[in-house]
$ cat start-v8.cif   # mmCIF, C-alpha atoms
data_start
#
loop_
_atom_site.group_PDB
_atom_site.id
_atom_site.type_symbol
_atom_site.label_atom_id
_atom_site.label_comp_id
_atom_site.auth_asym_id
_atom_site.auth_seq_id
_atom_site.Cartn_x
_atom_site.Cartn_y
_atom_site.Cartn_z
ATOM 1 C CA GLU F 172 0.000 0.000 0.000
ATOM 2 C CA ALA F 173 1.312 3.416 -1.024
ATOM 3 C CA GLN F 174 1.654 5.552 2.048
ATOM 4 C CA VAL F 175 3.449 8.217 4.035
ATOM 5 C CA THR F 176 4.114 7.299 7.648
ATOM 6 C CA GLN F 177 4.980 9.578 10.538
ATOM 7 C CA ASN F 178 6.210 8.783 14.025
ATOM 8 C CA PRO F 179 5.308 9.469 16.682
ATOM 9 C CA ARG F 180 1.648 10.340 16.155
ATOM 10 C CA TYR F 181 1.401 12.147 19.469
ATOM 11 C CA LEU F 182 4.164 13.742 21.497
ATOM 12 C CA ILE F 183 4.208 15.814 24.672
ATOM 13 C CA THR F 184 7.551 17.302 25.583
ATOM 14 C CA VAL F 185 9.127 20.118 27.569
ATOM 15 C CA THR F 186 10.782 23.308 26.406
ATOM 16 C CA GLY F 187 14.330 22.798 25.213
ATOM 17 C CA LYS F 188 14.341 19.010 24.903
ATOM 18 C CA LYS F 189 15.510 18.067 21.405
ATOM 19 C CA LEU F 190 13.153 15.877 19.422
ATOM 20 C CA THR F 191 12.859 14.289 15.988
ATOM 21 C CA VAL F 192 9.695 13.458 14.071
ATOM 22 C CA THR F 193 10.298 10.832 11.427
ATOM 23 C CA CYS F 194 8.663 10.685 7.998
ATOM 24 C CA SER F 195 8.941 7.865 5.501
ATOM 25 C CA GLN F 196 7.306 7.206 2.113
ATOM 26 C CA ASN F 197 7.252 4.007 0.056
ATOM 27 C CA MET F 198 6.358 5.529 -3.336
ATOM 28 C CA ASN F 199 9.862 6.425 -4.511
ATOM 29 C CA HIS F 200 8.875 10.096 -4.554
ATOM 30 C CA GLU F 201 11.563 12.709 -5.101
ATOM 31 C CA TYR F 202 9.729 15.583 -3.426
ATOM 32 C CA MET F 203 8.970 15.694 0.291
ATOM 33 C CA SER F 204 7.733 18.485 2.527
ATOM 34 C CA TRP F 205 6.843 19.354 6.107
ATOM 35 C CA TYR F 206 3.864 21.497 7.126
ATOM 36 C CA ARG F 207 2.399 22.686 10.373
ATOM 37 C CA GLN F 208 -1.343 23.237 10.766
ATOM 38 C CA ASP F 209 -2.734 25.708 13.275
ATOM 39 C CA PRO F 210 -6.379 26.765 13.760
ATOM 40 C CA GLY F 211 -7.295 29.675 11.523
ATOM 41 C CA LEU F 212 -3.903 29.682 9.792
ATOM 42 C CA GLY F 213 -4.154 26.637 7.586
ATOM 43 C CA LEU F 214 -1.201 24.591 6.441
ATOM 44 C CA ARG F 215 2.101 26.432 6.412
ATOM 45 C CA GLN F 216 5.182 24.965 4.807
ATOM 46 C CA ILE F 217 8.242 24.541 7.037
ATOM 47 C CA TYR F 218 10.836 22.925 4.742
ATOM 48 C CA TYR F 219 10.794 20.967 1.525
ATOM 49 C CA SER F 220 13.204 18.708 -0.321
ATOM 50 C CA MET F 221 13.412 18.276 -4.079
ATOM 51 C CA ASN F 222 15.612 15.179 -3.824
ATOM 52 C CA VAL F 223 18.322 13.554 -1.731
ATOM 53 C CA GLU F 224 20.632 16.153 -0.159
ATOM 54 C CA VAL F 225 18.561 19.033 -1.624
ATOM 55 C CA THR F 226 16.416 21.001 0.825
ATOM 56 C CA ASP F 227 15.027 24.529 1.053
ATOM 57 C CA LYS F 228 13.115 26.713 3.479
ATOM 58 C CA GLY F 229 9.371 27.166 3.343
ATOM 59 C CA ASP F 230 7.374 29.938 4.957
ATOM 60 C CA VAL F 231 8.075 29.153 8.633
ATOM 61 C CA PRO F 232 11.500 27.456 8.970
ATOM 62 C CA GLU F 233 12.664 29.142 12.191
ATOM 63 C CA GLY F 234 13.332 26.642 14.979
ATOM 64 C CA TYR F 235 13.328 23.608 12.678
ATOM 65 C CA LYS F 236 15.936 21.538 10.865
ATOM 66 C CA VAL F 237 15.624 18.831 8.254
ATOM 67 C CA SER F 238 17.868 16.394 6.436
ATOM 68 C CA ARG F 239 17.401 14.183 3.377
ATOM 69 C CA LYS F 240 20.052 11.497 3.360
ATOM 70 C CA GLU F 241 17.822 8.835 1.828
ATOM 71 C CA LYS F 242 15.072 9.202 -0.731
ATOM 72 C CA ARG F 243 12.379 7.632 1.437
ATOM 73 C CA ASN F 244 13.058 9.502 4.698
ATOM 74 C CA PHE F 245 12.709 13.166 5.637
ATOM 75 C CA PRO F 246 12.978 13.728 9.408
ATOM 76 C CA LEU F 247 11.994 16.987 11.096
ATOM 77 C CA ILE F 248 14.248 18.054 13.948
ATOM 78 C CA LEU F 249 13.417 20.527 16.709
ATOM 79 C CA GLU F 250 16.704 21.311 18.421
ATOM 80 C CA SER F 251 15.200 23.344 21.258
ATOM 81 C CA PRO F 252 11.391 23.187 21.141
ATOM 82 C CA SER F 253 9.362 26.092 22.466
ATOM 83 C CA PRO F 254 5.632 26.341 23.318
ATOM 84 C CA ASN F 255 4.913 28.249 20.076
ATOM 85 C CA GLN F 256 5.878 25.088 18.190
ATOM 86 C CA THR F 257 2.880 23.286 19.663
ATOM 87 C CA SER F 258 1.004 22.293 16.531
ATOM 88 C CA LEU F 259 -0.171 19.526 14.220
ATOM 89 C CA TYR F 260 2.589 18.518 11.811
ATOM 90 C CA PHE F 261 2.188 16.841 8.438
ATOM 91 C CA CYS F 262 4.728 15.296 6.131
ATOM 92 C CA ALA F 263 3.908 14.990 2.436
ATOM 93 C CA SER F 264 5.477 13.609 -0.731
ATOM 94 C CA SER F 265 4.978 13.712 -4.482
ATOM 95 C CA THR F 266 6.785 12.878 -7.702
ATOM 96 C CA HIS F 267 9.286 15.316 -9.145
ATOM 97 C CA ARG F 268 7.105 15.756 -12.183
ATOM 98 C CA ASP F 269 4.311 17.094 -9.975
ATOM 99 C CA ARG F 270 6.770 19.425 -8.246
ATOM 100 C CA GLY F 271 4.922 19.238 -5.004
ATOM 101 C CA ARG F 272 1.453 19.862 -6.322
ATOM 102 C CA GLU F 273 -0.482 16.597 -5.951
ATOM 103 C CA GLN F 274 0.874 15.571 -2.621
ATOM 104 C CA TYR F 275 0.326 12.481 -0.502
ATOM 105 C CA PHE F 276 0.071 13.404 3.168
ATOM 106 C CA GLY F 277 0.936 11.430 6.252
ATOM 107 C CA PRO F 278 -1.504 11.008 9.159
ATOM 108 C CA GLY F 279 -0.030 13.849 11.191
ATOM 109 C CA THR F 280 1.917 14.277 14.429
ATOM 110 C CA ARG F 281 0.338 16.264 17.228
ATOM 111 C CA LEU F 282 3.084 17.953 19.229
ATOM 112 C CA THR F 283 2.602 19.700 22.553
ATOM 113 C CA VAL F 284 5.498 21.647 24.079
ATOM 114 C CA THR F 285 5.022 22.677 27.716
ATOM 115 C CA GLU T 231 3.636 36.710 -1.488
ATOM 116 C CA ASP T 232 0.970 34.265 -2.574
ATOM 117 C CA GLN T 233 -2.237 34.463 -0.547
ATOM 118 C CA VAL T 234 -5.320 32.271 -0.328
ATOM 119 C CA THR T 235 -8.575 33.153 1.451
ATOM 120 C CA GLN T 236 -11.382 30.642 1.835
ATOM 121 C CA SER T 237 -14.990 31.373 2.734
ATOM 122 C CA PRO T 238 -17.078 30.608 4.590
ATOM 123 C CA GLU T 239 -15.077 29.177 7.497
ATOM 124 C CA ALA T 240 -17.858 26.702 8.236
ATOM 125 C CA LEU T 241 -20.904 25.487 6.341
ATOM 126 C CA ARG T 242 -23.738 23.385 7.684
ATOM 127 C CA LEU T 243 -25.925 21.714 5.063
ATOM 128 C CA GLN T 244 -28.905 19.436 5.052
ATOM 129 C CA GLU T 245 -28.459 16.264 3.032
ATOM 130 C CA GLY T 246 -29.324 17.087 -0.570
ATOM 131 C CA GLU T 247 -28.873 20.867 -0.112
ATOM 132 C CA SER T 248 -26.364 21.998 -2.743
ATOM 133 C CA SER T 249 -23.901 24.790 -2.000
ATOM 134 C CA SER T 250 -20.575 26.327 -2.997
ATOM 135 C CA LEU T 251 -17.277 27.060 -1.285
ATOM 136 C CA ASN T 252 -15.125 29.997 -2.322
ATOM 137 C CA CYS T 253 -11.346 30.278 -2.653
ATOM 138 C CA SER T 254 -9.959 33.725 -3.485
ATOM 139 C CA TYR T 255 -6.280 33.997 -4.345
ATOM 140 C CA THR T 256 -3.513 36.392 -5.233
ATOM 141 C CA VAL T 257 -0.448 34.931 -6.857
ATOM 142 C CA SER T 258 2.291 36.098 -9.164
ATOM 143 C CA GLY T 259 1.564 33.943 -12.160
ATOM 144 C CA LEU T 260 -0.640 30.983 -11.342
ATOM 145 C CA ARG T 261 0.873 27.598 -12.083
ATOM 146 C CA GLY T 262 -1.989 25.690 -10.508
ATOM 147 C CA LEU T 263 -4.830 25.765 -7.992
ATOM 148 C CA PHE T 264 -5.493 22.647 -5.928
ATOM 149 C CA TRP T 265 -8.331 21.355 -3.801
ATOM 150 C CA TYR T 266 -7.792 18.910 -0.959
ATOM 151 C CA ARG T 267 -10.188 17.209 1.431
ATOM 152 C CA GLN T 268 -9.252 16.647 5.075
ATOM 153 C CA ASP T 269 -11.176 14.341 7.393
ATOM 154 C CA PRO T 270 -10.874 14.795 11.177
ATOM 155 C CA GLY T 271 -7.658 13.293 12.516
ATOM 156 C CA LYS T 272 -6.231 12.622 9.056
ATOM 157 C CA GLY T 273 -3.929 14.208 6.543
ATOM 158 C CA PRO T 274 -5.295 16.089 3.519
ATOM 159 C CA GLU T 275 -6.258 14.061 0.467
ATOM 160 C CA PHE T 276 -5.847 15.441 -3.043
ATOM 161 C CA LEU T 277 -9.021 16.138 -5.051
ATOM 162 C CA PHE T 278 -8.376 18.382 -8.070
ATOM 163 C CA THR T 279 -5.864 20.486 -9.962
ATOM 164 C CA LEU T 280 -6.974 23.471 -12.060
ATOM 165 C CA TYR T 281 -4.466 25.234 -14.289
ATOM 166 C CA SER T 282 -6.249 28.007 -16.169
ATOM 167 C CA ALA T 283 -9.327 30.221 -15.980
ATOM 168 C CA GLY T 284 -12.422 28.526 -17.337
ATOM 169 C CA GLU T 285 -11.240 25.047 -16.437
ATOM 170 C CA GLU T 286 -13.597 22.708 -14.560
ATOM 171 C CA LYS T 287 -13.065 19.342 -12.879
ATOM 172 C CA GLU T 288 -15.648 16.942 -11.448
ATOM 173 C CA LYS T 289 -15.593 14.024 -9.065
ATOM 174 C CA GLU T 290 -18.813 12.445 -7.875
ATOM 175 C CA ARG T 291 -20.799 15.260 -6.185
ATOM 176 C CA LEU T 292 -17.929 17.760 -6.321
ATOM 177 C CA LYS T 293 -17.190 20.215 -9.112
ATOM 178 C CA ALA T 294 -14.332 22.711 -9.059
ATOM 179 C CA THR T 295 -14.184 25.803 -11.253
ATOM 180 C CA LEU T 296 -11.545 28.481 -11.759
ATOM 181 C CA THR T 297 -11.531 32.164 -12.704
ATOM 182 C CA LYS T 298 -8.620 34.602 -12.726
ATOM 183 C CA LYS T 299 -9.227 35.585 -9.105
ATOM 184 C CA GLU T 300 -11.082 32.746 -7.435
ATOM 185 C CA SER T 301 -12.141 29.144 -7.477
ATOM 186 C CA PHE T 302 -15.387 27.539 -6.407
ATOM 187 C CA LEU T 303 -16.011 24.062 -5.132
ATOM 188 C CA HIS T 304 -19.625 23.160 -5.779
ATOM 189 C CA ILE T 305 -21.171 20.357 -3.771
ATOM 190 C CA THR T 306 -24.280 18.964 -5.436
ATOM 191 C CA ALA T 307 -26.850 17.047 -3.374
ATOM 192 C CA PRO T 308 -24.353 16.403 -0.577
ATOM 193 C CA LYS T 309 -24.416 13.328 1.629
ATOM 194 C CA PRO T 310 -23.186 13.002 5.226
ATOM 195 C CA GLU T 311 -19.993 11.366 3.950
ATOM 196 C CA ASP T 312 -19.104 14.650 2.237
ATOM 197 C CA SER T 313 -18.580 16.188 5.674
ATOM 198 C CA ALA T 314 -14.937 17.289 5.870
ATOM 199 C CA THR T 315 -12.683 20.319 5.747
ATOM 200 C CA TYR T 316 -11.930 21.407 2.187
ATOM 201 C CA LEU T 317 -8.587 23.096 1.591
ATOM 202 C CA CYS T 318 -7.566 25.253 -1.342
ATOM 203 C CA ALA T 319 -3.933 25.840 -2.331
ATOM 204 C CA VAL T 320 -2.094 27.736 -5.072
ATOM 205 C CA GLN T 321 1.303 27.460 -6.680
ATOM 206 C CA GLY T 322 2.841 30.493 -8.329
ATOM 207 C CA ARG T 323 5.565 30.881 -10.916
ATOM 208 C CA SER T 324 7.951 32.354 -8.340
ATOM 209 C CA ASN T 325 8.560 28.914 -6.811
ATOM 210 C CA ASP T 326 7.757 25.613 -8.498
ATOM 211 C CA TYR T 327 8.051 23.686 -5.262
ATOM 212 C CA LYS T 328 5.900 25.727 -2.901
ATOM 213 C CA LEU T 329 2.184 25.476 -2.182
ATOM 214 C CA SER T 330 0.299 28.176 -0.255
ATOM 215 C CA PHE T 331 -2.796 26.895 1.512
ATOM 216 C CA GLY T 332 -5.942 28.611 2.723
ATOM 217 C CA ALA T 333 -7.357 27.976 6.196
ATOM 218 C CA GLY T 334 -10.120 25.750 4.855
ATOM 219 C CA THR T 335 -13.900 25.471 4.931
ATOM 220 C CA THR T 336 -15.404 22.905 7.296
ATOM 221 C CA VAL T 337 -18.519 21.352 5.780
ATOM 222 C CA THR T 338 -21.028 19.438 7.914
ATOM 223 C CA VAL T 339 -23.844 17.598 6.149
ATOM 224 C CA ARG T 340 -26.748 16.477 8.319
ATOM 225 C CA ALA T 341 -28.899 13.495 7.380
#
$ encode --input "start-v8.cif" --output "structure tokens"
Amino acid sequence: EAQVTQNPRYLITVTGKKLTVTCSQNMNHEYMSWYRQDPGLGLRQIYYSMNVEVTDKGDVPEGYKVSRKEKRNFPLILESPSPNQTSLYFCASSTHRDRGREQYFGPGTRLTVT
Amino acid sequence: EDQVTQSPEALRLQEGESSSLNCSYTVSGLRGLFWYRQDPGKGPEFLFTLYSAGEEKEKERLKATLTKKESFLHITAPKPEDSATYLCAVQGRSNDYKLSFGAGTTVTVRA
């Protein structure tokens, strides 16, 4: 089954404690992206990757890091989480031809930073 | 900066009561406008892509249309299973890899 998986699905942590949210896709997609979703603000792009070792900032990259060492994986790293990073996070992927348009989304990770 | 505004924020419909959702956008050279559906507790699911004014796409009870400034998602004779949040997104010529999303319209269809 073609899918994007994220782990963990739920996470409660404290300010300053480094964390990583993993994302993996099994569709051999070149393009992957991370979004955060907040009430009233919609989906906002954090970082995206066009292929292995190629990443770029989205609209809200501050406080986040990413890496793309393998085609299937695109982890999101919060080096020092703060309460304003409490949000619902989605990873997505698509083929290079689509250039990020018709994206397959993961199930989401709900993060709470206290 | 690309911007997307969706209205209304919420829409409550009786089963069979047709209605339309609006997506207004400003973008520097539209490459595409996209509609997604999001069910509670799940990630968005792709519905349609529209590329140029006058274009229309249909899927079951949903029909998406596009003008130079806005898009409409028409829901004809909705059923309870059409209840979801509908998201609109645009991609401009300034960045091939970036989508800008609206905040969504939450549709509730009562039986």
$ resolve_selection --input "start-v8.cif" --expression "the PyMOL selection byres ((chain T) within 8 of (chain F))" --output "list in words"
Gly262, Phe264, Gly271, Lys272, Gly273, Pro274, Glu275, Phe276, Thr279, Gln321, Asp326, Tyr327, Lys328, Leu329, Ser330, Phe331, Gly332, Ala333 and Gly334 of chain T
$ resolve_selection --input "start-v8.cif" --expression "the PyMOL selection byres ((chain F and resi 256) around 8)" --output "number ranges by chain"
F: 252-255, 257-258, 282-284
$ closest_residue --input "start-v8.cif" --among "F:Val185, F:Ser264, F:Tyr235, F:Ala173" --to "Ile248 (chain F)" --atoms "only C-alpha atoms"
F:Tyr235
$ closest_residue --input "start-v8.cif" --among "T:Arg242, T:Glu231, T:Leu277, T:Thr256" --to "Thr335 (chain T)" --atoms "all atoms listed in the file"
T:Arg242
$ residues_around --input "start-v8.cif" --residues "Glu286 (chain T)" --least-positions-apart "3" --cutoff "9 Å" --atoms "all atoms listed in the file" --output "JSON list (two decimals) with C-alpha atoms, in the frame of the given file"
[["chain", "number", "residue", "atom", "x", "y", "z"],
["T", 280, "LEU", "CA", -6.97, 23.47, -12.06],
["T", 283, "ALA", "CA", -9.33, 30.22, -15.98],
["T", 293, "LYS", "CA", -17.19, 20.22, -9.11],
["T", 294, "ALA", "CA", -14.33, 22.71, -9.06],
["T", 295, "THR", "CA", -14.18, 25.80, -11.25],
["T", 296, "LEU", "CA", -11.54, 28.48, -11.76]]
$ build_atoms --input "start-v8.cif" --residues "region 267-281 of chain T" --atoms "N, CA, C and O atoms" --output "mmCIF file, in the frame of the given file"
data_model
loop_
_atom_site.group_PDB
_atom_site.id
_atom_site.type_symbol
_atom_site.label_atom_id
_atom_site.label_comp_id
_atom_site.auth_asym_id
_atom_site.auth_seq_id
_atom_site.Cartn_x
_atom_site.Cartn_y
_atom_site.Cartn_z
ATOM 1 N N ARG T 267 -9.189 17.513 0.408
ATOM 2 C CA ARG T 267 -10.188 17.209 1.431
ATOM 3 C C ARG T 267 -9.452 16.685 2.656
ATOM 4 O O ARG T 267 -8.527 15.873 2.534
ATOM 5 N N GLN T 268 -9.872 17.129 3.850
ATOM 6 C CA GLN T 268 -9.252 16.647 5.075
ATOM 7 C C GLN T 268 -10.333 16.177 6.042
ATOM 8 O O GLN T 268 -11.177 16.956 6.474
ATOM 9 N N ASP T 269 -10.274 14.895 6.396
ATOM 10 C CA ASP T 269 -11.176 14.341 7.393
ATOM 11 C C ASP T 269 -10.562 14.525 8.781
ATOM 12 O O ASP T 269 -9.331 14.579 8.916
ATOM 13 N N PRO T 270 -11.393 14.598 9.816
ATOM 14 C CA PRO T 270 -10.874 14.795 11.177
ATOM 15 C C PRO T 270 -9.835 13.747 11.554
ATOM 16 O O PRO T 270 -10.033 12.550 11.336
ATOM 17 N N GLY T 271 -8.695 14.213 12.064
ATOM 18 C CA GLY T 271 -7.658 13.293 12.516
ATOM 19 C C GLY T 271 -6.835 12.675 11.392
ATOM 20 O O GLY T 271 -6.055 11.749 11.644
ATOM 21 N N LYS T 272 -6.972 13.188 10.189
ATOM 22 C CA LYS T 272 -6.231 12.622 9.056
ATOM 23 C C LYS T 272 -5.508 13.701 8.268
ATOM 24 O O LYS T 272 -5.771 14.893 8.439
ATOM 25 N N GLY T 273 -4.603 13.270 7.417
ATOM 26 C CA GLY T 273 -3.929 14.208 6.543
ATOM 27 C C GLY T 273 -4.799 14.558 5.345
ATOM 28 O O GLY T 273 -5.709 13.813 4.985
ATOM 29 N N PRO T 274 -4.527 15.704 4.707
ATOM 30 C CA PRO T 274 -5.295 16.089 3.519
ATOM 31 C C PRO T 274 -5.162 15.062 2.401
ATOM 32 O O PRO T 274 -4.122 14.406 2.262
ATOM 33 N N GLU T 275 -6.220 14.978 1.603
ATOM 34 C CA GLU T 275 -6.258 14.061 0.467
ATOM 35 C C GLU T 275 -6.550 14.862 -0.784
ATOM 36 O O GLU T 275 -7.510 15.632 -0.844
ATOM 37 N N PHE T 276 -5.732 14.666 -1.810
ATOM 38 C CA PHE T 276 -5.847 15.441 -3.043
ATOM 39 C C PHE T 276 -7.163 15.167 -3.762
ATOM 40 O O PHE T 276 -7.614 14.013 -3.870
ATOM 41 N N LEU T 277 -7.789 16.256 -4.265
ATOM 42 C CA LEU T 277 -9.021 16.138 -5.051
ATOM 43 C C LEU T 277 -8.816 16.559 -6.513
ATOM 44 O O LEU T 277 -9.058 15.779 -7.421
ATOM 45 N N PHE T 278 -8.428 17.828 -6.715
ATOM 46 C CA PHE T 278 -8.376 18.382 -8.070
ATOM 47 C C PHE T 278 -7.176 19.295 -8.259
ATOM 48 O O PHE T 278 -6.708 19.907 -7.304
ATOM 49 N N THR T 279 -6.765 19.426 -9.538
ATOM 50 C CA THR T 279 -5.864 20.486 -9.962
ATOM 51 C C THR T 279 -6.538 21.266 -11.085
ATOM 52 O O THR T 279 -7.099 20.674 -12.011
ATOM 53 N N LEU T 280 -6.475 22.597 -10.999
ATOM 54 C CA LEU T 280 -6.974 23.471 -12.060
ATOM 55 C C LEU T 280 -5.826 24.363 -12.499
ATOM 56 O O LEU T 280 -5.121 24.929 -11.656
ATOM 57 N N TYR T 281 -5.637 24.517 -13.800
ATOM 58 C CA TYR T 281 -4.466 25.234 -14.289
ATOM 59 C C TYR T 281 -4.778 26.594 -14.912
ATOM 60 O O TYR T 281 -3.934 27.492 -14.903
#
